[in-house]
Every structure is written in structure tokens, then in C-alpha cells.
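Peer 1: This is work36.pdb, which holds PDB, C-alpha atoms:
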ATOM      1  CA  MET T   1       8.004  17.081  -7.215
ATOM      2  CA  THR T   2       8.472  14.874  -4.135
ATOM      3  CA  ARG T   3      11.474  13.940  -2.023
ATOM      4  CA  ARG T   4      12.467  12.013  -5.145
ATOM      5  CA  ALA T   5      10.535  13.284  -8.115
ATOM      6  CA  ASP T   6      10.289  10.029 -10.036
ATOM      7  CA  ALA T   7      10.150   7.670  -7.063
ATOM      8  CA  ALA T   8       6.515   6.750  -7.453
ATOM      9  CA  GLY T   9       6.309   6.776 -11.235
ATOM     10  CA  ALA T  10       4.335   4.296 -13.271
ATOM     11  CA  SER T  11       6.847   1.507 -12.708
ATOM     12  CA  ALA T  12       8.203   3.055  -9.502
ATOM     13  CA  GLY T  13      11.639   3.576 -11.046
ATOM     14  CA  ASP T  14      14.800   1.912  -9.792
ATOM     15  CA  ASP T  15      15.326   3.885  -6.579
ATOM     16  CA  PRO T  16      13.723   3.113  -3.211
ATOM     17  CA  PHE T  17      10.735   5.219  -2.218
ATOM     18  CA  LEU T  18       8.434   5.798   0.732
ATOM     19  CA  VAL T  19       4.673   5.294   0.717
ATOM     20  CA  ALA T  20       2.151   6.532   3.250
ATOM     21  CA  ALA T  21      -0.080   3.484   3.706
ATOM     22  CA  SER T  22      -3.842   3.856   4.002
ATOM     23  CA  LEU T  23      -5.382   4.103   7.455
ATOM     24  CA  SER T  24      -9.030   3.172   7.827
ATOM     25  CA  GLY T  25     -11.183   6.250   8.203
ATOM     26  CA  ALA T  26      -8.174   8.573   8.519
ATOM     27  CA  ALA T  27      -6.248   8.539   5.241
ATOM     28  CA  ASP T  28      -7.888  11.367   3.309
ATOM     29  CA  SER T  29      -6.473  14.270   1.323
ATOM     30  CA  GLU T  30      -5.691  16.290   4.456
ATOM     31  CA  TRP T  31      -3.777  13.341   5.892
ATOM     32  CA  ALA T  32      -1.826  13.043   2.636
ATOM     33  CA  ARG T  33      -1.152  16.772   2.587
ATOM     34  CA  ALA T  34       0.319  16.582   6.084
ATOM     35  CA  ALA T  35       2.598  13.667   5.121
ATOM     36  CA  ALA T  36       3.654  15.035   1.726
ATOM     37  CA  GLU T  37       6.844  16.646   3.009
ATOM     38  CA  HIS T  38       8.223  13.205   3.801
ATOM     39  CA  VAL T  39       6.677  10.667   1.430
ATOM     40  CA  ASP T  40       6.677   9.989  -2.292
ATOM     41  CA  ALA T  41       3.200   8.474  -2.544
ATOM     42  CA  ALA T  42       0.116   8.473  -0.319
ATOM     43  CA  LEU T  43      -2.566   5.804  -0.535
ATOM     44  CA  LEU T  44      -5.916   7.129   0.651
ATOM     45  CA  GLY T  45      -8.676   4.949   2.031
ATOM     46  CA  GLY T  46      -9.639   2.248   2.335
ATOM     47  CA  VAL T  47     -12.816   3.091   0.500
ATOM     48  CA  ALA T  48     -15.740   0.670   0.283
ATOM     49  CA  LEU T  49     -17.085   1.003  -3.258
ATOM     50  CA  ASP T  50     -20.169  -1.190  -3.570
ATOM     51  CA  PRO T  51     -23.272  -1.832  -1.433
ATOM     52  CA  ALA T  52     -21.922  -5.036   0.125
ATOM     53  CA  SER T  53     -18.596  -3.548   1.200
ATOM     54  CA  GLN T  54     -20.350  -0.362   2.367
ATOM     55  CA  ALA T  55     -22.702  -2.428   4.538
ATOM     56  CA  ALA T  56     -19.691  -4.208   6.026
ATOM     57  CA  ALA T  57     -18.025  -0.841   6.694
ATOM     58  CA  ARG T  58     -21.158   0.390   8.475
ATOM     59  CA  ASP T  59     -21.058  -2.702  10.666
ATOM     60  CA  LEU T  60     -17.437  -1.912  11.502
ATOM     61  CA  VAL T  61     -18.359   1.639  12.466
ATOM     62  CA  ALA T  62     -21.124   0.266  14.678
ATOM     63  CA  ARG T  63     -18.530  -1.583  16.704
ATOM     64  CA  GLY T  64     -16.238   1.420  17.010
ATOM     65  CA  ARG T  65     -13.905   1.289  14.002
ATOM     66  CA  SER T  66     -13.215   4.359  11.882
ATOM     67  CA  GLU T  67     -14.333   4.021   8.258
ATOM     68  CA  PHE T  68     -15.073   6.299   5.323
ATOM     69  CA  LEU T  69     -18.786   6.124   4.510
ATOM     70  CA  PRO T  70     -19.402   8.587   1.666
ATOM     71  CA  THR T  71     -22.782   8.467  -0.032
ATOM     72  CA  ASP T  72     -20.995   8.556  -3.410
ATOM     73  CA  PRO T  73     -17.807   6.496  -3.059
ATOM     74  CA  LEU T  74     -16.558   7.081  -6.607
ATOM     75  CA  GLY T  75     -17.206  10.800  -6.310
ATOM     76  CA  PHE T  76     -15.341  10.745  -3.005
ATOM     77  CA  VAL T  77     -12.365   9.049  -4.651
ATOM     78  CA  ALA T  78     -12.272  11.641  -7.433
ATOM     79  CA  ASP T  79     -12.680  14.599  -5.086
ATOM     80  CA  GLN T  80     -10.006  13.390  -2.673
ATOM     81  CA  ILE T  81      -7.455  12.791  -5.431
ATOM     82  CA  ASP T  82      -8.302  16.133  -7.043
ATOM     83  CA  ALA T  83      -7.687  17.869  -3.715
ATOM     84  CA  LEU T  84      -4.051  16.754  -4.000
ATOM     85  CA  ALA T  85      -3.496  18.080  -7.515
ATOM     86  CA  GLU T  86      -1.095  20.798  -6.311
ATOM     87  CA  VAL T  87       0.461  18.784  -3.491
ATOM     88  CA  PRO T  88       3.943  17.312  -4.084
ATOM     89  CA  VAL T  89       2.976  13.691  -3.564
ATOM     90  CA  ARG T  90       1.667  10.965  -5.846
ATOM     91  CA  PRO T  91      -1.822  10.006  -4.680
ATOM     92  CA  GLY T  92      -3.507   6.655  -4.760
ATOM     93  CA  VAL T  93      -6.515   4.995  -3.208
ATOM     94  CA  ASN T  94      -6.967   1.653  -1.491
ATOM     95  CA  VAL T  95     -10.340   0.180  -2.498
ATOM     96  CA  ARG T  96     -12.607  -2.621  -1.325
ATOM     97  CA  SER T  97     -15.398  -4.235  -3.273
ATOM     98  CA  ALA T  98     -17.356  -7.469  -3.378
ATOM     99  CA  ALA T  99     -17.157  -7.406  -7.198
ATOM    100  CA  PRO T 100     -14.552  -6.271  -9.754
ATOM    101  CA  GLU T 101     -16.600  -3.734 -11.710
ATOM    102  CA  PRO T 102     -16.557  -0.994  -9.026
ATOM    103  CA  VAL T 103     -12.778  -1.479  -8.824
ATOM    104  CA  ARG T 104     -12.589  -0.874 -12.566
ATOM    105  CA  GLU T 105     -14.557   2.368 -12.180
ATOM    106  CA  ALA T 106     -12.311   3.581  -9.357
ATOM    107  CA  ALA T 107      -9.236   2.658 -11.388
ATOM    108  CA  ARG T 108     -10.492   4.748 -14.314
ATOM    109  CA  ILE T 109     -10.659   7.737 -11.991
ATOM    110  CA  CYS T 110      -7.110   6.985 -10.835
ATOM    111  CA  ALA T 111      -5.814   6.502 -14.371
ATOM    112  CA  ASP T 112      -7.219   9.850 -15.472
ATOM    113  CA  ARG T 113      -5.348  11.555 -12.628
ATOM    114  CA  GLY T 114      -2.062   9.639 -12.636
ATOM    115  CA  ALA T 115      -2.975   8.057  -9.307
ATOM    116  CA  VAL T 116      -2.403   4.529  -8.012
ATOM    117  CA  CYS T 117      -5.344   2.162  -7.595
ATOM    118  CA  GLU T 118      -4.705  -0.324  -4.800
ATOM    119  CA  VAL T 119      -6.796  -3.493  -4.597
ATOM    120  CA  ASN T 120      -7.367  -4.357  -0.945
ATOM    121  CA  ALA T 121      -6.662  -8.059  -0.376
ATOM    122  CA  HIS T 122      -5.495  -7.265   3.140
ATOM    123  CA  CYS T 123      -8.257  -6.383   5.622
ATOM    124  CA  ARG T 124      -9.087  -9.300   7.906
ATOM    125  CA  GLN T 125     -12.188  -8.049   9.746
ATOM    126  CA  PRO T 126     -14.863 -10.765   9.600
ATOM    127  CA  GLU T 127     -17.484  -8.320   8.291
ATOM    128  CA  LEU T 128     -15.352  -7.622   5.209
ATOM    129  CA  ARG T 129     -14.308 -11.230   4.681
ATOM    130  CA  ALA T 130     -17.938 -12.331   4.857
ATOM    131  CA  VAL T 131     -18.817 -10.275   1.763
ATOM    132  CA  GLY T 132     -15.726 -11.340  -0.171
ATOM    133  CA  CYS T 133     -13.471  -8.351   0.475
ATOM    134  CA  GLY T 134      -9.989  -7.989   1.870
ATOM    135  CA  GLU T 135      -8.139 -11.075   2.978
ATOM    136  CA  SER T 136     -10.772 -13.385   1.463
ATOM    137  CA  LEU T 137      -9.321 -12.518  -1.949
ATOM    138  CA  LEU T 138      -6.030 -14.157  -0.966
ATOM    139  CA  ARG T 139      -7.892 -17.443  -0.610
ATOM    140  CA  ASP T 140      -9.532 -17.026  -4.018
ATOM    141  CA  PRO T 141      -6.688 -16.198  -6.413
ATOM    142  CA  ALA T 142      -8.831 -16.465  -9.540
ATOM    143  CA  ARG T 143     -11.167 -13.771  -8.213
ATOM    144  CA  LEU T 144      -8.247 -11.622  -7.066
ATOM    145  CA  THR T 145      -6.791 -11.878 -10.562
ATOM    146  CA  ARG T 146     -10.050 -10.553 -12.014
ATOM    147  CA  TYR T 147      -9.934  -7.547  -9.685
ATOM    148  CA  VAL T 148      -6.342  -6.786 -10.648
ATOM    149  CA  ALA T 149      -7.070  -7.160 -14.357
ATOM    150  CA  ALA T 150     -10.063  -4.829 -13.995
ATOM    151  CA  ALA T 151      -7.861  -2.150 -12.426
ATOM    152  CA  SER T 152      -4.779  -2.560 -14.605
ATOM    153  CA  GLY T 153      -6.866  -2.671 -17.779
ATOM    154  CA  THR T 154      -7.720   1.003 -17.288
ATOM    155  CA  GLY T 155      -4.060   1.974 -17.485
ATOM    156  CA  ALA T 156      -3.860   2.851 -13.793
ATOM    157  CA  THR T 157      -0.757   1.935 -11.860
ATOM    158  CA  THR T 158      -2.137  -0.991  -9.872
ATOM    159  CA  SER T 159      -1.059  -2.007  -6.395
ATOM    160  CA  VAL T 160      -2.271  -5.045  -4.467
ATOM    161  CA  LYS T 161      -2.209  -4.861  -0.662
ATOM    162  CA  VAL T 162      -1.700  -8.295   0.926
ATOM    163  CA  ARG T 163      -0.724  -9.718   4.284
ATOM    164  CA  ALA T 164       1.701 -12.454   5.227
ATOM    165  CA  GLY T 165       0.837 -15.331   7.525
ATOM    166  CA  VAL T 166      -2.555 -16.251   6.084
ATOM    167  CA  LEU T 167      -2.908 -19.997   6.503
ATOM    168  CA  GLY T 168      -2.624 -21.848   3.215
ATOM    169  CA  VAL T 169      -1.669 -18.766   1.178
ATOM    170  CA  ASP T 170       1.634 -18.734  -0.725
ATOM    171  CA  LEU T 171       2.479 -15.084  -1.352
ATOM    172  CA  VAL T 172       4.981 -15.932  -4.071
ATOM    173  CA  ALA T 173       2.194 -17.707  -5.961
ATOM    174  CA  VAL T 174      -0.068 -14.702  -5.328
ATOM    175  CA  ALA T 175       2.641 -12.407  -6.680
ATOM    176  CA  GLU T 176       2.914 -14.473  -9.834
ATOM    177  CA  ARG T 177      -0.848 -14.376 -10.378
ATOM    178  CA  VAL T 178      -1.309 -10.651  -9.795
ATOM    179  CA  ALA T 179       1.744  -9.761 -11.865
ATOM    180  CA  SER T 180       0.369 -11.755 -14.786
ATOM    181  CA  ALA T 181      -2.881  -9.779 -14.424
ATOM    182  CA  GLY T 182      -1.027  -6.475 -14.674
ATOM    183  CA  ALA T 183      -0.187  -5.489 -11.094
ATOM    184  CA  ASP T 184       2.653  -3.010 -10.754
ATOM    185  CA  TRP T 185       3.145  -3.058  -6.970
ATOM    186  CA  LEU T 186       2.759  -5.763  -4.336
ATOM    187  CA  HIS T 187       2.257  -3.970  -1.017
ATOM    188  CA  VAL T 188       3.068  -6.531   1.663
ATOM    189  CA  ASP T 189       2.121  -6.331   5.330
ATOM    190  CA  ALA T 190       4.855  -8.641   6.591
ATOM    191  CA  MET T 191       3.023  -9.320   9.875
ATOM    192  CA  ASP T 192       6.312  -9.681  11.792
ATOM    193  CA  SER T 193       7.532 -12.223   9.223
ATOM    194  CA  GLU T 194       9.984  -9.943   7.460
ATOM    195  CA  ALA T 195      11.704 -12.829   5.666
ATOM    196  CA  VAL T 196       8.665 -13.123   3.383
ATOM    197  CA  ILE T 197      10.016 -10.014   1.658
ATOM    198  CA  ALA T 198      13.212 -11.897   0.841
ATOM    199  CA  ASP T 199      11.204 -14.759  -0.665
ATOM    200  CA  LEU T 200       9.258 -12.354  -2.869
ATOM    201  CA  ALA T 201      12.353 -10.407  -3.904
ATOM    202  CA  ALA T 202      14.107 -13.653  -4.843
ATOM    203  CA  ALA T 203      11.149 -14.689  -6.999
ATOM    204  CA  VAL T 204      11.147 -11.311  -8.747
ATOM    205  CA  ASP T 205      14.894 -11.558  -9.375
ATOM    206  CA  ALA T 206      14.555 -15.089 -10.739
ATOM    207  CA  ALA T 207      11.764 -13.988 -13.065
ATOM    208  CA  SER T 208      13.994 -11.339 -14.590
ATOM    209  CA  GLU T 209      16.114 -14.058 -16.150
ATOM    210  CA  GLY T 210      13.170 -15.372 -18.133
ATOM    211  CA  GLY T 211      11.418 -12.161 -19.076
ATOM    212  CA  ASP T 212       8.426 -13.018 -16.883
ATOM    213  CA  ARG T 213       5.956 -10.224 -15.997
ATOM    214  CA  LEU T 214       6.778 -10.892 -12.337
ATOM    215  CA  ALA T 215      10.178  -9.295 -12.963
ATOM    216  CA  ASP T 216       8.489  -5.886 -13.209
ATOM    217  CA  LEU T 217       6.683  -6.142  -9.863
ATOM    218  CA  THR T 218       7.669  -3.565  -7.241
ATOM    219  CA  VAL T 219       7.708  -4.989  -3.705
ATOM    220  CA  VAL T 220       6.627  -2.455  -1.074
ATOM    221  CA  ALA T 221       7.336  -3.661   2.461
ATOM    222  CA  ASN T 222       5.033  -2.700   5.320
ATOM    223  CA  ASN T 223       4.900  -3.439   9.057
ATOM    224  CA  GLY T 224       6.822  -1.870  11.878
ATOM    225  CA  VAL T 225       8.673   0.697   9.746
ATOM    226  CA  ARG T 226       9.803   3.280  12.290
ATOM    227  CA  GLY T 227      13.351   4.290  11.377
ATOM    228  CA  ARG T 228      16.775   3.321  10.094
ATOM    229  CA  GLU T 229      16.921  -0.199  11.542
ATOM    230  CA  THR T 230      13.626  -1.379  10.046
ATOM    231  CA  VAL T 231      14.220   0.357   6.712
ATOM    232  CA  ALA T 232      17.666  -1.255   6.539
ATOM    233  CA  GLU T 233      16.197  -4.658   7.358
ATOM    234  CA  TYR T 234      13.653  -4.464   4.557
ATOM    235  CA  ALA T 235      16.314  -3.137   2.188
ATOM    236  CA  ALA T 236      18.541  -6.091   3.062
ATOM    237  CA  HIS T 237      15.643  -8.441   2.323
ATOM    238  CA  GLY T 238      15.357  -6.966  -1.170
ATOM    239  CA  ALA T 239      12.354  -4.644  -0.898
ATOM    240  CA  ASP T 240      12.032  -1.935  -3.537
ATOM    241  CA  ALA T 241      10.228   0.469  -1.218
ATOM    242  CA  VAL T 242       8.716   0.698   2.254
ATOM    243  CA  SER T 243       5.451   2.056   3.583
ATOM    244  CA  ALA T 244       4.435   3.519   6.911
ATOM    245  CA  GLY T 245       0.939   3.475   8.357
ATOM    246  CA  ARG T 246       0.557   4.705  11.936
ATOM    247  CA  PRO T 247       3.814   6.715  11.784
ATOM    248  CA  THR T 248       2.125   8.982   9.243
ATOM    249  CA  GLU T 249       0.244  10.443  12.215
ATOM    250  CA  ASP T 250       3.476  10.919  14.194
ATOM    251  CA  PRO T 251       5.577  13.533  12.333
ATOM    252  CA  PRO T 252       8.881  12.938  14.179
ATOM    253  CA  VAL T 253       8.712   9.209  13.459
ATOM    254  CA  LEU T 254       7.717   9.764   9.828
ATOM    255  CA  ALA T 255      10.619  12.207   9.413
ATOM    256  CA  ARG T 256      12.973   9.569  10.830
ATOM    257  CA  VAL T 257      11.711   6.995   8.339
ATOM    258  CA  ALA T 258      12.028   9.480   5.468
ATOM    259  CA  ASP T 259      15.627  10.250   6.447
ATOM    260  CA  ALA T 260      16.412   6.530   6.390
ATOM    261  CA  VAL T 261      14.860   6.156   2.933
ATOM    262  CA  ASP T 262      16.956   9.111   1.757
ATOM    263  CA  GLU T 263      20.053   7.281   3.022
ATOM    264  CA  TRP T 264      18.884   4.136   1.237
ATOM    265  CA  ARG T 265      18.622   6.043  -2.034
ATOM    266  CA  ALA T 266      22.054   7.558  -1.477
ATOM    267  CA  GLY T 267      23.594   4.137  -0.793
ATOM    268  CA  SER T 268      24.681   5.038   2.745
ATOM    269  CA  LEU T 269      22.033   3.181   4.749
ATOM    270  CA  ARG T 270      24.030  -0.002   5.215
ATOM    271  CA  GLU T 271      26.911   1.910   6.749
ATOM    272  CA  ARG T 272      24.710   2.692   9.763
ATOM    273  CA  ALA T 273      22.373  -0.285   9.671
ATOM    274  CA  GLY T 274      23.404  -1.475  13.141
ATOM    275  CA  GLU T 275      21.746   1.457  14.841
ATOM    276  CA  ALA T 276      18.509   0.444  16.548
ATOM    277  CA  ASP T 277      15.295   2.344  15.978
ATOM    278  CA  PRO T 278      14.089   4.201  19.052
ATOM    279  CA  GLY T 279      10.909   2.855  20.581
ATOM    280  CA  PRO T 280       7.543   4.455  19.842
ATOM    281  CA  GLU T 281       7.825   6.764  22.828
ATOM    282  CA  VAL T 282      11.197   8.174  21.768
ATOM    283  CA  ARG T 283      11.384  11.343  19.703
ATOM    284  CA  PRO T 284      14.435  12.462  17.694
TER     285      PRO T 284
END
Can you present the structure in this file as C-alpha cells?
Peer 2:
Amino acid sequence: MTRRADAAGASAGDDPFLVAASLSGAADSEWARAAAEHVDAALLGGVALDPASQAAARDLVARGRSEFLPTDPLGFVADQIDALAEVPVRPGVNVRSAAPEPVREAARICADRGAVCEVNAHCRQPELRAVGCGESLLRDPARLTRYVAAASGTGATTSVKVRAGVLGVDLVAVAERVASAGADWLHVDAMDSEAVIADLAAAVDAASEGGDRLADLTVVANNGVRGRETVAEYAAHGADAVSAGRPTEDPPVLARVADAVDEWRAGSLRERAGEADPGPEVRP
């Protein structure tokens, strides 16, 4: 179905895979369709689901940021996923909400369509944090756990998008909490602190010895993925998969990343891991 048919299955399988990471106001079904040749999964959104998060998104638009502002957010989620029914990519949607119930409703839509529901605990814009969305969830692990349980309880494959480097936040502890609530993926913006992936991978490996739910968590590494060197670095740190955001809008770069992930799956990536990625201005 995709570059690796089972890569983005319910538990993500054992092989590495490539995710197109959501881009605010840009990651819709057409964006996913354009990336489908190269990626295994595409996370649409982010989508503000409830009145508080929608108001925050409108404030972001007012200061020049791109955001999706559908009048019917849940209908938008369903329509966008449905538009990818015949496209060879596994869809998902990154969602924001000031309360867990809208997340549950979005996850039901995802579950019915075999799509991934991604809880956004990542966005750091003050407008979103002020209403309890995005990064604010990292500082309130009990509330984040409720969001994850709401999504996973529908049967949807549940991802949690987080960022490294948030003062006072231990991502290993976050991983343990969200895994216990039913998360399947931890999608980590490493924020130029790639070693955090190694810490998470080590915790997942250690959990496998005790049968802990954390052992089933798939770690998706994000930030600066542009080619063989960065894919190899995340692979060496123990990531299960990588995601690309801005490169999804740059086909030559996305193709380069996809080729590196193919090499990773084939076991040949390490043989060429010393090759540096070209800079953003370089094309293959």
C-alpha cells in the first residue's frame, strides 16, 4: 500500500517508517496526497476542535500564522481523512482541545477509518497555552493522561506529539504516563537535543524486560530530518521511525529522506552514515 505496506500499522510494526508531520494550516488531504509517494503515514492538522482552541487559532491567524479554521472541525476531520481513502498512505490527524471530550470524538472518527489520532502536547504559542492546549499539557501530566485515554479508548491508534527542552518536564516520565493511558506512538520534536531520543529508547527497552506497557511505545523522532545523516543519527539513538515537517513541501528533500528510510529498513544505512546531509539549498 505504501513504501512499506505495514509500516504504519496499529502498532507500527518492527520496521522503521516515515511520517509526514502536521504543518499548521497546510497539512490537509492535498498535502498528504502530494507526499504519499514517499511517506508511510501523514498526520493532518493541527485542528482546533473546541471553542477555546478555535478562539486561540483565530488569534494566531490575526497575527499572521496559518491555521485551519473550519466551521465544523469534526466534519473537517472526517472529510479530510475520507479524501485519502484511495491514497496509498495511512492518514492521521493532529488535534488540539482545551478538554478531552472533543479529542474522544475526533478519535472515534479516526478509529472508524483506520487513521491515527495525535494528541497535540507540542504547540508552544502563548495563545494555545493560555487555554490549556499544546505544550501546557506537558506541565499537567494528569490532564494529558486523560486526553490520551479518551483517544485510545475509542480503539484509534493514538500518537502524542511532544517537544524536548521544556523546563521541568521529564519526557521519560511523560512517556511512561501516556503509554499507561494507551498511547501507541510518542512523536518527539527533539528541539536540537537529539540525545533525548536515546533516553526514551533506553526506557522503552528497559520496560520490555518487565512487560510494562511502555515497551510497546513507538518512538517517532522529529526535528531537522533532511537526509541520510539525520536519519542515521536518529536510528543510532534508537528511534523506531522519523518524521519530516517542512521537507514535505520540498519534494527533492522529502525524496532524499525517504531513500534514507528505505536504506534503514534494508539494514544498509549505517554503511553510509558518515555522509553529511546537504544543506537546505542543495538539491539532489
Peer 1: Rounded to one decimal, what separation in Å do you get between atom CA of Leu138 of chain T and atom CA of Gly92 of chain T?
Peer 2: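 Answer for the atom CA of Leu138 of chain T to atom CA of Gly92 of chain T separation: 21.3 Å.
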Peer 1: Just the number, please: distance in Å from atom CA of Val160 of chain T to atom CA of Asn120 of chain T, one decimal.
Peer 2: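 That distance, rounded to one decimal, is 6.2 Å.
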Peer 1: Nearest to Leu69 of chain T among T:Gly45, T:Pro252, T:Pro88, T:Gly165, with distances taken over only C-alpha atoms: which residue is it?
Peer 2: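 Ranked by minimum distance to Leu69 of chain T, first place goes to T:Gly45.
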Peer 1: Using atom CA of Asp40 of chain T and atom CA of Gly182 of chain T as the two end points, give the distance in Å to one decimal.
Peer 2: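 Taking atom CA of Asp40 of chain T and atom CA of Gly182 of chain T, their separation equals 22.0 Å.
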Peer 1: With a distance cut-off of 8 Å and all atoms listed in the file, select the neighbouring residues of Ala215 of chain T, excluding the residue or stretch itself and same-chain residues fewer than 5 positions from it, and output the selection as a list in words.
Peer 2: Val204, Asp205, Ala206, Ala207 and Ser208 of chain T
Peer 1: What does the PyMOL selection byres ((chain T and resi 24-38) around 6) select in this file, as a PDB file with C-alpha atoms, in the coordinates of the input?
Peer 2:
ATOM      1  CA  SER T  22      -3.842   3.856   4.002  1.00  0.00           C
ATOM      2  CA  LEU T  23      -5.382   4.103   7.455  1.00  0.00           C
ATOM      3  CA  VAL T  39       6.677  10.667   1.430  1.00  0.00           C
ATOM      4  CA  ALA T  42       0.116   8.473  -0.319  1.00  0.00           C
ATOM      5  CA  LEU T  44      -5.916   7.129   0.651  1.00  0.00           C
ATOM      6  CA  GLY T  45      -8.676   4.949   2.031  1.00  0.00           C
ATOM      7  CA  GLY T  46      -9.639   2.248   2.335  1.00  0.00           C
ATOM      8  CA  SER T  66     -13.215   4.359  11.882  1.00  0.00           C
ATOM      9  CA  GLU T  67     -14.333   4.021   8.258  1.00  0.00           C
ATOM     10  CA  PHE T  68     -15.073   6.299   5.323  1.00  0.00           C
ATOM     11  CA  GLN T  80     -10.006  13.390  -2.673  1.00  0.00           C
ATOM     12  CA  VAL T  89       2.976  13.691  -3.564  1.00  0.00           C
ATOM     13  CA  ALA T 258      12.028   9.480   5.468  1.00  0.00           C
TER      14      ALA T 258
END
Peer 1: Pull the closest atom pair for each residue of segment 47-148 of chain T that gets at most 12 Å from segment 185-203 of chain T, along with the distance in Å to one decimal, counting only C-alpha atoms, ordering rows by chain and then ascending residue number, as CSV.
Peer 2:
residue,atom,partner,partner_atom,distance
T:Gly92,CA,T:Trp185,CA,12.0
T:Asn94,CA,T:His187,CA,10.8
T:Val116,CA,T:Trp185,CA,9.5
T:Cys117,CA,T:Trp185,CA,10.0
T:Glu118,CA,T:Trp185,CA,8.6
T:Val119,CA,T:His187,CA,9.7
T:Asn120,CA,T:His187,CA,9.6
T:Ala121,CA,T:His187,CA,9.8
T:His122,CA,T:Asp189,CA,8.0
T:Cys123,CA,T:Asp189,CA,10.4
T:Arg124,CA,T:Asp189,CA,11.9
T:Glu135,CA,T:Asp189,CA,11.5
T:Val148,CA,T:Trp185,CA,10.8
Peer 1: Could you check the closest approach to Ala130 of chain T for each of T:Ile81, T:Ala56, T:Ala236, T:Leu167 and tell me which residue wins, using only C-alpha atoms?
Peer 2: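 The answer is T:Ala56, which sits nearest to Ala130 of chain T.
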Peer 1: The PyMOL selection byres ((chain T and resi 141-147) around 12) on the file shown: which residues, as a short mmCIF file (atom, residue, chain, number, x, y, z; two decimals) with C-alpha atoms, in the coordinates of the input?
Peer 2:
data_model
loop_
_atom_site.label_atom_id
_atom_site.label_comp_id
_atom_site.auth_asym_id
_atom_site.auth_seq_id
_atom_site.Cartn_x
_atom_site.Cartn_y
_atom_site.Cartn_z
CA VAL T 95 -10.34 0.18 -2.50
CA ARG T 96 -12.61 -2.62 -1.32
CA SER T 97 -15.40 -4.24 -3.27
CA ALA T 98 -17.36 -7.47 -3.38
CA ALA T 99 -17.16 -7.41 -7.20
CA PRO T 100 -14.55 -6.27 -9.75
CA GLU T 101 -16.60 -3.73 -11.71
CA PRO T 102 -16.56 -0.99 -9.03
CA VAL T 103 -12.78 -1.48 -8.82
CA ARG T 104 -12.59 -0.87 -12.57
CA GLU T 105 -14.56 2.37 -12.18
CA ALA T 106 -12.31 3.58 -9.36
CA ALA T 107 -9.24 2.66 -11.39
CA CYS T 117 -5.34 2.16 -7.60
CA GLU T 118 -4.70 -0.32 -4.80
CA VAL T 119 -6.80 -3.49 -4.60
CA ASN T 120 -7.37 -4.36 -0.94
CA ALA T 121 -6.66 -8.06 -0.38
CA HIS T 122 -5.50 -7.26 3.14
CA GLY T 132 -15.73 -11.34 -0.17
CA CYS T 133 -13.47 -8.35 0.48
CA GLY T 134 -9.99 -7.99 1.87
CA GLU T 135 -8.14 -11.08 2.98
CA SER T 136 -10.77 -13.38 1.46
CA LEU T 137 -9.32 -12.52 -1.95
CA LEU T 138 -6.03 -14.16 -0.97
CA ARG T 139 -7.89 -17.44 -0.61
CA ASP T 140 -9.53 -17.03 -4.02
CA VAL T 148 -6.34 -6.79 -10.65
CA ALA T 149 -7.07 -7.16 -14.36
CA ALA T 150 -10.06 -4.83 -14.00
CA ALA T 151 -7.86 -2.15 -12.43
CA SER T 152 -4.78 -2.56 -14.60
CA GLY T 153 -6.87 -2.67 -17.78
CA THR T 154 -7.72 1.00 -17.29
CA THR T 158 -2.14 -0.99 -9.87
CA SER T 159 -1.06 -2.01 -6.40
CA VAL T 160 -2.27 -5.04 -4.47
CA LYS T 161 -2.21 -4.86 -0.66
CA VAL T 162 -1.70 -8.30 0.93
CA GLY T 168 -2.62 -21.85 3.22
CA VAL T 169 -1.67 -18.77 1.18
CA ASP T 170 1.63 -18.73 -0.72
CA LEU T 171 2.48 -15.08 -1.35
CA VAL T 172 4.98 -15.93 -4.07
CA ALA T 173 2.19 -17.71 -5.96
CA VAL T 174 -0.07 -14.70 -5.33
CA ALA T 175 2.64 -12.41 -6.68
CA GLU T 176 2.91 -14.47 -9.83
CA ARG T 177 -0.85 -14.38 -10.38
CA VAL T 178 -1.31 -10.65 -9.80
CA ALA T 179 1.74 -9.76 -11.86
CA SER T 180 0.37 -11.76 -14.79
CA ALA T 181 -2.88 -9.78 -14.42
CA GLY T 182 -1.03 -6.48 -14.67
CA ALA T 183 -0.19 -5.49 -11.09
#
Peer 1: Given the choices T:Pro51, T:Gly64, T:Pro16, T:Pro70, which gets closest to Val219 of chain T if the distance is worked out from only C-alpha atoms?
Peer 2: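 Once distances to Val219 of chain T are computed over only C-alpha atoms, the minimum belongs to T:Pro16.
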Peer 1: Give me, as a list in words, all polymer residues having an atom no more than 7 Å from Val131 of chain T, counting only C-alpha atoms and skipping those fewer than 2 positions away in the same chain.
Peer 2: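 In the requested form, the answer reads Ala52, Ser53, Ala98, Glu127, Leu128, Arg129 and Cys133 of chain T.
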Peer 1: Could you tell me, as a list in words, exactly which residues end up selected when the PyMOL selection byres ((chain T and resi 256) around 8) is applied to this structure?
Peer 2: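 So the PyMOL selection byres ((chain T and resi 256) around 8) ends up selecting Arg226, Gly227, Arg228, Pro252, Val253, Leu254, Ala255, Val257, Ala258, Asp259, Ala260 and Pro284 of chain T.
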Peer 1: At most 8 Å is the cut-off: for each residue in segment 168-236 of chain T with any atom that close to an atom of segment 261-268 of chain T, write down the nearest atom pair and the distance in Å rounded to one decimal, counting only C-alpha atoms, chain first then increasing number, as JSON lines.
Peer 2:
{"residue": "T:Arg228", "atom": "CA", "partner": "T:Val261", "partner_atom": "CA", "distance": 7.9}
{"residue": "T:Val231", "atom": "CA", "partner": "T:Val261", "partner_atom": "CA", "distance": 7.0}
{"residue": "T:Ala232", "atom": "CA", "partner": "T:Trp264", "partner_atom": "CA", "distance": 7.7}
{"residue": "T:Ala235", "atom": "CA", "partner": "T:Trp264", "partner_atom": "CA", "distance": 7.8}
Peer 1: Go through T:Ala156, T:Leu74, T:Ala62, T:Ala239 one by one, measure the shortest atom-to-atom distance of each to Asp50 of chain T using only C-alpha atoms, and give the residue with the smallest value.
Peer 2: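 Counting only C-alpha atoms, the residue closest to Asp50 of chain T is T:Leu74.
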